[in-house]
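The structure file start14.cif is reproduced below (mmCIF, C-alpha atoms and all ligand atoms).
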data_input
loop_
_atom_site.label_atom_id
_atom_site.label_comp_id
_atom_site.auth_asym_id
_atom_site.auth_seq_id
_atom_site.Cartn_x
_atom_site.Cartn_y
_atom_site.Cartn_z
CA MET A 1 3.16 16.19 -22.75
CA GLN A 2 5.65 13.65 -24.12
CA SER A 3 8.08 16.51 -24.63
CA TYR A 4 7.43 20.08 -23.62
CA ASN A 5 10.11 22.42 -25.00
CA ARG A 6 12.28 19.28 -25.08
CA ALA A 7 12.27 19.00 -21.32
CA ILE A 8 13.48 15.59 -20.14
CA SER A 9 12.06 16.04 -16.66
CA THR A 10 8.27 15.63 -16.56
CA PRO A 11 6.61 19.06 -16.66
CA ILE A 12 4.34 19.91 -13.73
CA VAL A 13 0.99 20.72 -15.31
CA SER A 14 -0.61 22.64 -12.50
CA SER A 15 -3.92 23.31 -14.19
CA ALA A 16 -7.22 22.48 -12.55
CA THR A 17 -8.94 22.25 -15.90
CA PHE A 18 -8.26 21.92 -19.64
CA PHE A 19 -9.95 23.66 -22.55
CA TYR A 20 -11.93 21.86 -25.24
CA GLU A 21 -11.35 22.91 -28.88
CA ASN A 22 -15.07 23.15 -29.60
CA SER A 23 -18.44 21.93 -28.33
CA GLN A 24 -18.21 18.64 -30.17
CA GLU A 25 -14.85 17.92 -28.57
CA ALA A 26 -16.32 18.77 -25.16
CA GLU A 27 -19.05 16.19 -25.76
CA ASP A 28 -16.48 13.61 -26.87
CA ILE A 29 -14.25 14.19 -23.87
CA PHE A 30 -17.18 13.84 -21.48
CA SER A 31 -18.37 10.66 -23.17
CA GLY A 32 -14.88 9.17 -23.10
CA ASN A 33 -14.61 9.06 -26.90
CA SER A 34 -11.77 11.55 -26.76
CA LYS A 35 -8.84 10.92 -24.43
CA GLU A 36 -8.01 14.59 -23.89
CA PHE A 37 -7.96 15.75 -20.28
CA LEU A 38 -11.29 16.92 -18.87
CA TYR A 39 -10.68 18.41 -15.43
CA SER A 40 -7.91 17.56 -12.95
CA ARG A 41 -10.21 15.76 -10.52
CA MET A 42 -10.66 13.14 -13.27
CA GLY A 43 -7.04 13.07 -14.44
CA ASN A 44 -4.00 15.28 -14.84
CA PRO A 45 -1.14 15.10 -17.37
CA THR A 46 1.63 14.95 -14.74
CA SER A 47 -0.22 12.38 -12.66
CA SER A 48 -0.89 10.37 -15.79
CA GLN A 49 2.86 10.07 -16.38
CA LEU A 50 3.11 8.54 -12.92
CA GLU A 51 0.20 6.23 -13.72
CA GLU A 52 1.96 5.06 -16.89
CA LYS A 53 5.24 4.33 -15.13
CA LEU A 54 3.63 2.33 -12.33
CA THR A 55 1.35 0.48 -14.75
CA ALA A 56 4.50 -0.59 -16.59
CA MET A 57 6.24 -1.54 -13.33
CA GLU A 58 3.41 -3.90 -12.39
CA ASN A 59 2.52 -5.01 -15.89
CA GLY A 60 -1.05 -3.81 -15.43
CA ILE A 61 -3.58 -2.37 -17.86
CA GLY A 62 -3.79 1.05 -16.23
CA ALA A 63 -3.70 2.96 -12.97
CA VAL A 64 -5.37 5.78 -11.10
CA ALA A 65 -3.19 8.08 -8.98
CA THR A 66 -4.78 9.43 -5.81
CA SER A 67 -4.15 12.04 -3.14
CA SER A 68 -2.84 9.48 -0.64
CA GLY A 69 -2.55 5.76 -0.01
CA MET A 70 -5.78 5.90 2.00
CA GLY A 71 -7.33 7.67 -0.97
CA ALA A 72 -6.38 4.73 -3.21
CA ILE A 73 -7.77 2.16 -0.78
CA SER A 74 -10.99 4.15 -0.31
CA MET A 75 -11.40 4.60 -4.04
CA VAL A 76 -11.05 0.91 -4.86
CA ILE A 77 -13.23 -0.31 -2.01
CA THR A 78 -16.01 2.22 -2.45
CA SER A 79 -16.08 1.54 -6.19
CA LEU A 80 -16.48 -2.21 -5.67
CA CYS A 81 -18.62 -2.37 -2.52
CA SER A 82 -22.13 -1.17 -1.72
CA SER A 83 -24.14 -1.14 1.48
CA GLY A 84 -24.65 -4.75 2.61
CA ASP A 85 -21.41 -6.01 1.07
CA GLU A 86 -18.53 -7.57 2.94
CA ILE A 87 -14.75 -7.37 2.89
CA ILE A 88 -12.38 -10.02 4.16
CA ALA A 89 -9.24 -8.35 5.49
CA ILE A 90 -6.24 -10.46 6.32
CA GLY A 91 -3.39 -9.97 8.73
CA GLY A 92 -2.11 -7.08 10.77
CA LEU A 93 -3.22 -4.07 8.77
CA PHE A 94 -1.83 -0.56 8.62
CA GLY A 95 -3.69 1.54 11.24
CA GLY A 96 -5.47 3.77 8.74
CA SER A 97 -6.75 0.81 6.70
CA TYR A 98 -7.92 -0.93 9.86
CA ALA A 99 -9.77 2.18 11.03
CA LEU A 100 -11.38 2.65 7.61
CA MET A 101 -12.69 -0.91 7.62
CA SER A 102 -13.56 -1.22 11.30
CA GLN A 103 -15.11 2.22 11.91
CA THR A 104 -15.86 4.21 8.82
CA LEU A 105 -17.09 1.73 6.22
CA PRO A 106 -19.60 0.12 8.65
CA ARG A 107 -21.33 3.53 8.84
CA PHE A 108 -22.11 3.00 5.17
CA GLY A 109 -23.17 -0.61 5.62
CA ILE A 110 -19.92 -2.19 4.41
CA ASN A 111 -18.62 -4.65 6.98
CA THR A 112 -15.25 -6.34 7.28
CA LYS A 113 -14.23 -9.68 8.72
CA PHE A 114 -10.69 -9.43 10.08
CA LEU A 115 -8.88 -12.74 9.94
CA GLU A 116 -5.47 -14.03 10.94
CA VAL A 117 -2.89 -14.15 8.21
CA ASP A 118 -2.35 -17.92 8.28
CA ASP A 119 -5.92 -18.98 9.03
CA LEU A 120 -6.59 -20.10 5.45
CA ASP A 121 -9.52 -22.42 6.27
CA ASN A 122 -11.33 -19.70 8.15
CA ILE A 123 -10.66 -17.24 5.35
CA GLU A 124 -12.22 -19.56 2.80
CA ASN A 125 -15.16 -20.40 5.08
CA SER A 126 -15.89 -16.72 5.70
CA ILE A 127 -16.69 -16.02 2.06
CA THR A 128 -20.39 -15.35 1.46
CA THR A 129 -22.42 -14.18 -1.53
CA LYS A 130 -21.92 -10.65 -0.20
CA THR A 131 -18.13 -10.80 -0.16
CA LYS A 132 -16.79 -8.41 -2.78
CA VAL A 133 -13.16 -7.98 -1.75
CA ILE A 134 -10.32 -9.91 -0.15
CA PHE A 135 -7.77 -7.38 1.07
CA CYS A 136 -4.28 -7.89 2.44
CA GLU A 137 -0.92 -6.20 2.75
CA SER A 138 2.19 -7.83 1.29
CA ILE A 139 3.69 -7.59 4.77
CA GLY A 140 1.91 -6.59 7.95
CA ASN A 141 2.74 -3.12 9.23
CA PRO A 142 4.01 -3.26 11.96
CA SER A 143 3.33 -6.95 12.69
CA LEU A 144 5.78 -7.94 9.95
CA ARG A 145 3.75 -11.11 9.36
CA LEU A 146 4.04 -12.38 5.80
CA PRO A 147 0.91 -13.62 4.07
CA ASP A 148 0.96 -16.67 1.83
CA LEU A 149 -0.02 -14.63 -1.22
CA ALA A 150 -0.16 -17.65 -3.52
CA ALA A 151 -2.64 -19.42 -1.25
CA LEU A 152 -4.76 -16.29 -0.82
CA GLY A 153 -4.74 -15.70 -4.56
CA GLN A 154 -5.95 -19.25 -5.13
CA ILE A 155 -8.84 -18.78 -2.70
CA ALA A 156 -9.82 -15.51 -4.38
CA THR A 157 -9.67 -17.10 -7.83
CA LYS A 158 -11.57 -20.21 -6.78
CA HIS A 159 -14.43 -18.18 -5.30
CA ASN A 160 -14.35 -15.40 -7.90
CA ILE A 161 -13.64 -12.59 -5.46
CA ALA A 162 -11.63 -9.45 -6.20
CA PHE A 163 -8.21 -9.71 -4.57
CA ILE A 164 -6.53 -6.45 -3.55
CA ILE A 165 -2.94 -6.34 -2.36
CA ASP A 166 -1.51 -3.26 -0.67
CA ASN A 167 2.10 -3.56 -1.82
CA THR A 168 3.28 -0.26 -0.31
CA ILE A 169 6.20 -1.78 1.54
CA THR A 170 7.50 -4.25 -1.03
CA PRO A 171 7.53 -2.69 -4.52
CA LEU A 172 9.67 -4.62 -7.04
CA VAL A 173 10.15 -7.49 -4.54
CA ILE A 174 6.54 -8.67 -4.75
CA LYS A 175 4.63 -8.66 -8.02
CA PRO A 176 1.00 -8.88 -6.84
CA PHE A 177 -0.45 -9.77 -10.26
CA ASP A 178 1.68 -12.93 -10.27
CA TYR A 179 -0.26 -14.02 -7.18
CA GLY A 180 -3.69 -13.49 -8.67
CA ALA A 181 -4.29 -9.95 -7.42
CA ASP A 182 -6.77 -7.85 -9.41
CA VAL A 183 -5.71 -4.51 -8.00
CA VAL A 184 -2.37 -3.40 -6.56
CA ILE A 185 -2.36 -0.48 -4.17
CA TYR A 186 0.49 1.75 -3.11
CA SER A 187 0.85 4.55 -0.71
CA THR A 188 3.44 6.36 -2.85
CA THR A 189 4.17 8.47 0.24
CA LYS A 190 6.50 5.72 1.43
CA ILE A 191 9.41 4.13 -0.41
CA LEU A 192 8.14 4.87 -3.93
CA SER A 193 8.87 8.57 -3.47
CA GLY A 194 11.32 7.83 -0.69
CA ASN A 195 11.95 11.15 0.99
CA SER A 196 8.72 12.28 2.63
CA SER A 197 8.32 15.08 0.12
CA ALA A 198 4.88 14.13 -1.18
CA LEU A 199 1.70 12.46 -0.02
CA GLY A 200 0.19 10.22 -2.66
CA GLY A 201 -1.31 6.88 -3.59
CA ILE A 202 -2.14 4.79 -6.61
CA ALA A 203 -4.23 1.81 -7.62
CA ILE A 204 -2.98 -0.29 -10.52
CA PHE A 205 -5.44 -2.56 -12.30
CA LYS A 206 -5.23 -5.84 -14.13
CA GLU A 207 -7.05 -6.39 -17.39
CA VAL A 208 -10.60 -7.68 -16.97
CA LYS A 209 -10.76 -10.73 -19.23
CA LEU A 210 -13.88 -12.15 -20.80
CA SER A 211 -13.77 -15.36 -18.83
CA ASP A 212 -12.87 -14.02 -15.41
CA LYS A 213 -14.54 -13.35 -12.08
CA PHE A 214 -15.87 -9.92 -12.96
CA HIS A 215 -18.36 -11.46 -15.35
CA THR A 216 -20.19 -13.26 -12.53
CA ALA A 217 -23.41 -12.19 -10.80
CA ARG A 218 -21.38 -10.96 -7.82
CA TYR A 219 -20.07 -8.09 -9.96
CA GLU A 220 -23.25 -7.41 -11.94
CA PHE A 221 -22.75 -3.68 -11.38
CA LEU A 222 -19.61 -3.81 -13.54
CA LYS A 223 -21.54 -4.79 -16.66
CA PRO A 224 -21.98 -1.28 -18.08
CA PHE A 225 -18.26 -0.64 -17.57
CA ILE A 226 -17.29 -3.95 -19.18
CA ASN A 227 -19.58 -3.29 -22.14
CA LYS A 228 -18.06 0.11 -22.70
CA LEU A 229 -14.45 -0.23 -21.58
CA LYS A 230 -13.76 -3.97 -21.92
CA GLY A 231 -10.47 -4.81 -20.16
CA LYS A 232 -10.33 -1.42 -18.49
CA ALA A 233 -13.69 -1.81 -16.74
CA LEU A 234 -12.27 -1.65 -13.21
CA ILE A 235 -10.56 1.63 -13.99
CA GLY A 236 -13.75 3.20 -15.33
CA CYS A 237 -15.64 1.97 -12.30
CA ALA A 238 -13.02 3.41 -9.91
CA LYS A 239 -13.10 6.76 -11.67
CA LYS A 240 -16.86 7.09 -12.06
CA ARG A 241 -18.02 5.40 -8.88
CA ALA A 242 -15.43 6.93 -6.53
CA LEU A 243 -12.84 9.38 -7.85
CA ARG A 244 -15.33 11.67 -9.62
CA ASP A 245 -17.65 11.90 -6.61
CA PHE A 246 -15.37 11.58 -3.60
CA GLY A 247 -12.49 13.51 -5.18
CA MET A 248 -9.45 11.74 -3.77
CA SER A 249 -7.50 12.89 -6.83
CA ALA A 250 -3.73 13.23 -7.11
CA ASN A 251 -2.17 16.63 -7.68
CA ALA A 252 0.51 17.40 -10.24
CA HIS A 253 3.14 18.56 -7.74
CA SER A 254 3.01 15.40 -5.65
CA SER A 255 2.98 13.24 -8.76
CA TYR A 256 6.10 15.02 -9.99
CA GLN A 257 7.90 14.48 -6.68
CA THR A 258 6.91 10.82 -6.78
CA LEU A 259 8.23 10.47 -10.34
CA LEU A 260 11.59 11.82 -9.15
CA GLY A 261 11.67 9.27 -6.35
CA LEU A 262 10.80 6.42 -8.70
CA GLU A 263 13.99 7.02 -10.68
CA THR A 264 16.03 5.61 -7.80
CA LEU A 265 13.51 3.14 -6.35
CA GLU A 266 15.42 0.00 -7.19
CA LEU A 267 18.74 1.27 -5.83
CA ARG A 268 17.19 2.51 -2.60
CA SER A 269 15.04 -0.53 -2.13
CA ASN A 270 17.99 -2.94 -2.59
CA ARG A 271 20.16 -0.99 -0.19
CA ILE A 272 17.47 -0.71 2.48
CA ASN A 273 16.32 -4.33 2.25
CA THR A 274 19.89 -5.56 2.62
CA SER A 275 20.57 -3.17 5.51
CA CYS A 276 17.48 -4.46 7.35
CA GLU A 277 18.79 -8.03 7.29
CA ILE A 278 22.25 -6.99 8.50
CA ILE A 279 20.92 -4.70 11.22
CA ALA A 280 18.35 -7.20 12.52
CA GLN A 281 20.99 -9.94 12.69
CA ILE A 282 23.49 -7.84 14.63
CA LEU A 283 20.92 -6.37 17.02
CA LYS A 284 19.75 -9.89 17.79
CA SER A 285 23.27 -11.08 18.50
CA GLU A 286 23.62 -8.18 20.95
CA GLY A 287 20.54 -9.29 22.88
CA VAL A 288 17.99 -6.83 21.48
CA CYS A 289 14.46 -8.24 21.11
CA VAL A 290 14.25 -7.48 17.40
CA ASN A 291 11.77 -8.79 14.86
CA HIS A 292 12.35 -9.27 11.15
CA PRO A 293 11.26 -12.16 8.91
CA SER A 294 14.88 -12.79 7.85
CA LEU A 295 15.71 -14.03 11.37
CA GLU A 296 15.80 -17.82 11.74
CA GLU A 297 13.37 -17.93 14.67
CA ASN A 298 10.75 -15.77 12.93
CA LYS A 299 7.45 -17.56 12.28
CA ASP A 300 7.54 -16.61 8.61
CA ASN A 301 11.22 -17.24 7.94
CA LEU A 302 10.48 -20.07 5.50
CA LEU A 303 8.04 -17.95 3.52
CA TYR A 304 10.57 -15.12 3.57
CA LYS A 305 13.23 -17.31 2.01
CA GLU A 306 10.81 -18.64 -0.61
CA SER A 307 8.88 -15.58 -1.70
CA PHE A 308 10.74 -12.52 -0.42
CA LYS A 309 14.16 -13.28 -1.86
CA ASP A 310 15.02 -9.59 -2.25
CA GLY A 311 13.79 -8.59 1.19
CA CYS A 312 10.54 -7.35 2.68
CA GLY A 313 10.91 -3.61 2.96
CA SER A 314 12.33 -1.07 5.35
CA MET A 315 10.79 -2.07 8.67
CA ILE A 316 12.19 -3.84 11.68
CA THR A 317 10.54 -3.76 15.09
CA ILE A 318 12.10 -3.76 18.53
CA ASP A 319 10.16 -4.82 21.58
CA MET A 320 11.39 -3.00 24.68
CA GLU A 321 8.71 -4.61 26.88
CA THR A 322 7.51 -1.42 28.55
CA LYS A 323 6.50 2.00 27.35
CA GLU A 324 9.09 3.61 29.67
CA LYS A 325 11.96 1.64 28.18
CA ALA A 326 10.70 2.28 24.66
CA TYR A 327 10.61 6.03 25.33
CA LYS A 328 14.13 5.95 26.80
CA PHE A 329 15.33 4.01 23.77
CA LEU A 330 13.86 6.46 21.27
CA ASP A 331 14.76 9.59 23.19
CA SER A 332 18.43 8.65 23.47
CA SER A 333 18.87 8.26 19.72
CA LYS A 334 21.10 10.65 17.81
CA LEU A 335 20.08 9.27 14.43
CA LEU A 336 16.40 8.35 14.43
CA ILE A 337 13.79 10.85 13.31
CA LEU A 338 10.66 10.30 15.37
CA THR A 339 7.79 10.32 12.92
CA ALA A 340 4.87 8.23 11.70
CA ASN A 341 6.28 7.67 8.22
CA ILE A 342 8.19 4.67 6.81
CA GLY A 343 10.24 4.03 3.65
CA ASP A 344 12.20 7.26 3.90
CA SER A 345 15.87 7.63 2.95
CA ARG A 346 16.50 8.56 6.59
CA THR A 347 16.00 6.11 9.45
CA LEU A 348 12.73 6.78 11.28
CA GLY A 349 11.42 5.46 14.57
CA LEU A 350 8.20 5.50 16.57
CA HIS A 351 6.59 3.94 19.63
CA MET A 352 3.47 2.26 18.32
CA ALA A 353 1.00 1.93 21.22
CA SER A 354 1.18 5.61 22.25
CA THR A 355 0.89 7.07 18.75
CA ILE A 356 -0.79 5.46 15.72
CA TYR A 357 -2.59 2.91 17.92
CA GLN A 358 -3.35 5.29 20.80
CA ASP A 359 -7.13 4.95 20.59
CA PHE A 360 -7.26 1.25 19.68
CA SER A 361 -8.75 -1.24 22.16
CA ASP A 362 -6.59 -3.93 23.77
CA SER A 363 -8.09 -6.66 21.61
CA GLU A 364 -7.54 -4.62 18.46
CA LYS A 365 -3.93 -4.01 19.45
CA LYS A 366 -3.49 -7.72 20.06
CA TYR A 367 -4.87 -8.54 16.60
CA LEU A 368 -2.55 -5.99 15.03
CA GLY A 369 0.48 -7.19 17.00
CA ILE A 370 0.95 -3.99 19.00
CA THR A 371 2.63 -4.67 22.33
CA GLU A 372 3.32 -2.13 25.12
CA GLY A 373 7.00 -1.62 24.32
CA LEU A 374 6.89 -2.00 20.54
CA ILE A 375 9.05 0.37 18.51
CA ARG A 376 8.92 0.45 14.74
CA VAL A 377 12.10 1.44 12.96
CA SER A 378 12.12 2.19 9.26
CA ILE A 379 15.68 1.72 8.07
CA GLY A 380 17.08 4.40 5.77
CA LEU A 381 20.04 4.81 3.45
CA GLU A 382 22.64 5.61 6.12
CA LYS A 383 25.60 3.25 6.55
CA PRO A 384 24.26 0.11 8.29
CA GLN A 385 27.06 0.33 10.87
CA ASP A 386 26.04 3.89 11.84
CA ILE A 387 22.46 2.73 12.37
CA ILE A 388 23.61 -0.29 14.38
CA ASP A 389 25.87 1.85 16.57
CA ASP A 390 23.04 4.25 17.30
CA LEU A 391 20.44 1.58 18.04
CA LEU A 392 22.83 -0.33 20.31
CA ASN A 393 23.56 2.89 22.12
CA CYS A 394 19.82 3.45 22.58
CA PHE A 395 19.50 -0.09 23.89
CA GLU A 396 22.29 0.46 26.44
CA SER A 397 20.82 3.79 27.54
CA SER A 398 17.40 2.29 28.16
CA LYS A 399 18.56 -0.55 30.40
C1 LIG A 401 1.11 4.55 4.90
C2 LIG A 401 0.35 3.38 4.43
C3 LIG A 401 -0.93 3.53 3.89
C4 LIG A 401 -1.63 4.87 3.81
O1 LIG A 401 -0.96 5.74 2.97
P1 LIG A 401 -1.09 7.35 3.08
O2 LIG A 401 -0.33 7.81 1.88
O3 LIG A 401 -0.48 7.75 4.37
O4 LIG A 401 -2.53 7.66 3.02
C5 LIG A 401 -1.58 2.41 3.44
N1 LIG A 401 -1.02 1.19 3.52
C6 LIG A 401 0.22 1.01 4.04
C7 LIG A 401 0.79 -0.36 4.09
C8 LIG A 401 0.95 2.10 4.52
O5 LIG A 401 2.16 1.91 5.04
#

Is it possible to give me this structure as structure tokens?
Amino acid sequence: MQSYNRAISTPIVSSATFFYENSQEAEDIFSGNSKEFLYSRMGNPTSSQLEEKLTAMENGIGAVATSSGMGAISMVITSLCSSGDEIIAIGGLFGGSYALMSQTLPRFGINTKFLEVDDLDNIENSITTKTKVIFCESIGNPSLRLPDLAALGQIATKHNIAFIIDNTITPLVIKPFDYGADVVIYSTTKILSGNSSALGGIAIFKEVKLSDKFHTARYEFLKPFINKLKGKALIGCAKKRALRDFGMSANAHSSYQTLLGLETLELRSNRINTSCEIIAQILKSEGVCVNHPSLEENKDNLLYKESFKDGCGSMITIDMETKEKAYKFLDSSKLLILTANIGDSRTLGLHMASTIYQDFSDSEKKYLGITEGLIRVSIGLEKPQDIIDDLLNCFESSK
């Protein structure tokens, strides 16, 4: 795999399974004593290249690529939680994650307490013996609220609870392991691949150390994995307790596309994060009700300046007050692509309440920061001035 016919682009190994040299090798592969590939549901050579790159990016001990970002979240949560356990979820979550935790997981007896991003006392007080996971996003989508990751990490460490950060929107800018995260999650569908060519996700794991939280009674079920795999226990648990049985596995083609995107991640991310600041500033000066943490009046501006020095991803939001005005705004654009994605090289836009949050209750929408006229714009690689011109034109047309 390292070099196939001297190819310098990662080969796409589109094989569902792999042969074993002999019966003994088959036994060794199944027992984990041989690292050869077993069957693509449990791991694939192309996807494993992606896992290696992202493990290196985050300084982790290993990673598991999945079929989507939701696949990664489902894999980690279902490997760590059983019926009766609790999750503490913080801040305005991505719609799919919120639905998973509010509707689907309760059907399996896993319940979630949803708490406000800055309500640290309440977060700490909500921890019980059943709490297995504290989950947050590095920036709320589309609330754009910034969590105090250092404070959350301290709470998780103090109470010995697994801390999971969904860092989909802020790769490179935020290093979740520096804040005490145990698992970093990405939807690679977004800026990691960067051009909407592949659905994918990944969970990257930190080393389980002898002295840490995973040796407590709360994580008793990890013991067999720790005994066998030592520092890589969380990876074994994710693979055996979720990936093998639920099958949210990555495929070689998507992993290849994602690897291509990764080559330019830093360049794209820098350009987009800078453009967001410029665009938000100018829209504001033209009277648009725009939200971005870089703006002085934003609630999280201080945190932004302290912890998000290189920006906070591709999103800005515009509140047009009513659905009618929001529709007019979007429908008069010559540049925006109307779609549910973010982190693309092209600028994308969407009215929130009528699409992703269509079947959410009023109180859920309030918690998630979804107002009637809210438009999410994911800034792309176009010239910032071209984006500004288009958005100002939309604003004029919707008056
Ligand atoms: C898109 C997204 C997800 C889900 O990823 P999919 O690849 O669409 O399954 C999860 N978290 C965040 C923050 C996202 O933006």

_Report as a ChimeraX atom specification all protein, DNA and RNA residues lying within 9 Å of A:Lys230, evaluated on all atoms listed in the file, omitting residues in the same chain fewer than 2 positions from it._
/A:207-210,225-228,232-233

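Using all atoms listed in the file, the smallest distance between any of A:Glu286, A:Asp85, A:Asp344, A:Asp178 and ligand LIG 401 (chain A) comes from A:Asp344.
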
_Best match for closeness to A:Ile185 among A:Leu391, A:Cys237, A:Val290, A:Met75, counting all atoms listed in the file_ = A:Met75

_Give me the residues near A:Glu277 as a list in words, where near means some atom within 8 Å (using all atoms listed in the file) and where sequence neighbours in that chain fewer than 6 positions away do not count._
His292, Ser294, Leu295 and Gly311 of chain A

*For A:Thr264: contacts at 12 Å, only C-alpha atoms, fewer than 2 positions along chain excluded, given as a PyMOL selection string*: chain A and resi 191-195+258-262+266-271+345+381

Writer output for current selection, C-alpha atoms, as a short mmCIF file (atom, residue, chain, number, x, y, z; two decimals), in the coordinates of the input:
data_model
loop_
_atom_site.label_atom_id
_atom_site.label_comp_id
_atom_site.auth_asym_id
_atom_site.auth_seq_id
_atom_site.Cartn_x
_atom_site.Cartn_y
_atom_site.Cartn_z
CA ILE A 191 9.41 4.13 -0.41
CA LEU A 192 8.14 4.87 -3.93
CA SER A 193 8.87 8.57 -3.47
CA GLY A 194 11.32 7.83 -0.69
CA ASN A 195 11.95 11.15 0.99
CA THR A 258 6.91 10.82 -6.78
CA LEU A 259 8.23 10.47 -10.34
CA LEU A 260 11.59 11.82 -9.15
CA GLY A 261 11.67 9.27 -6.35
CA LEU A 262 10.80 6.42 -8.70
CA GLU A 266 15.42 0.00 -7.19
CA LEU A 267 18.74 1.27 -5.83
CA ARG A 268 17.19 2.51 -2.60
CA SER A 269 15.04 -0.53 -2.13
CA ASN A 270 17.99 -2.94 -2.59
CA ARG A 271 20.16 -0.99 -0.19
CA SER A 345 15.87 7.63 2.95
CA LEU A 381 20.04 4.81 3.45
#

*asked:* Could you list the protein, DNA and RNA residues that have any atom within 9 Å of ligand LIG 401 (chain A), counting all atoms listed in the file, and write them as a PyMOL selection string?
replied: chain A and resi 67-73+93-97+137-142+166-169+185-190+198-201+340-343

Do you have, as a Markdown table, the list of residues of stretch 17-62 of chain A lying at most 10 Å from stretch 243-246 of chain A, each with its nearest atom pair and that distance in Å to one decimal, counting all atoms listed in the file and ordered by chain then number?
| residue | atom | partner | partner_atom | distance |
| --- | --- | --- | --- | --- |
| A:Arg41 | CA | A:Arg244 | CA | 6.6 |
| A:Met42 | CA | A:Arg244 | CA | 6.1 |
| A:Gly43 | CA | A:Leu243 | CA | 9.5 |

_Distance in Å - atom CA of A:Ser15 versus atom CA of A:Asn251_ = 9.5 Å

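Residues within 8 Å of stretch 278-281 of chain A, counting only C-alpha atoms and excluding same-chain residues fewer than 3 positions away, are A:Thr274, A:Ser275, A:Lys284, A:Ser285, A:Val290, A:Asn291, A:His292, A:Leu295, A:Ile316, A:Pro384, A:Gln385, A:Ile387, A:Ile388.
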
_Between atom CA of A:Ile12 and atom CA of A:Val64, what distance in Å does the model show, to one decimal?_
17.3 Å

_Which residues are near A:Lys328? Cut-off 10 Å, all atoms listed in the file, ignore same chain within fewer than 3 positions. Put them as an MDAnalysis selection string._
chainID A and resid 320 323:325 331:333 394:399

Please produce a file of those selected residues containing C-alpha atoms, as a CSV table (one decimal), keeping the file's coordinate frame.
chain,number,residue,atom,x,y,z
A,320,MET,CA,11.4,-3.0,24.7
A,323,LYS,CA,6.5,2.0,27.4
A,324,GLU,CA,9.1,3.6,29.7
A,325,LYS,CA,12.0,1.6,28.2
A,331,ASP,CA,14.8,9.6,23.2
A,332,SER,CA,18.4,8.6,23.5
A,333,SER,CA,18.9,8.3,19.7
A,394,CYS,CA,19.8,3.4,22.6
A,395,PHE,CA,19.5,-0.1,23.9
A,396,GLU,CA,22.3,0.5,26.4
A,397,SER,CA,20.8,3.8,27.5
A,398,SER,CA,17.4,2.3,28.2
A,399,LYS,CA,18.6,-0.6,30.4

*A:Gln358, A:Ser102, A:Ser79, A:Ser307: which is nearest A:Val133, counting all atoms listed in the file?*
A:Ser79

*Counting only C-alpha atoms, figure out which residue out of A:His159, A:Thr317, A:Ser82, A:Ser74 gets nearest to A:Thr104.*
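With only C-alpha atoms as the atom set, the closest residue is A:Ser74.
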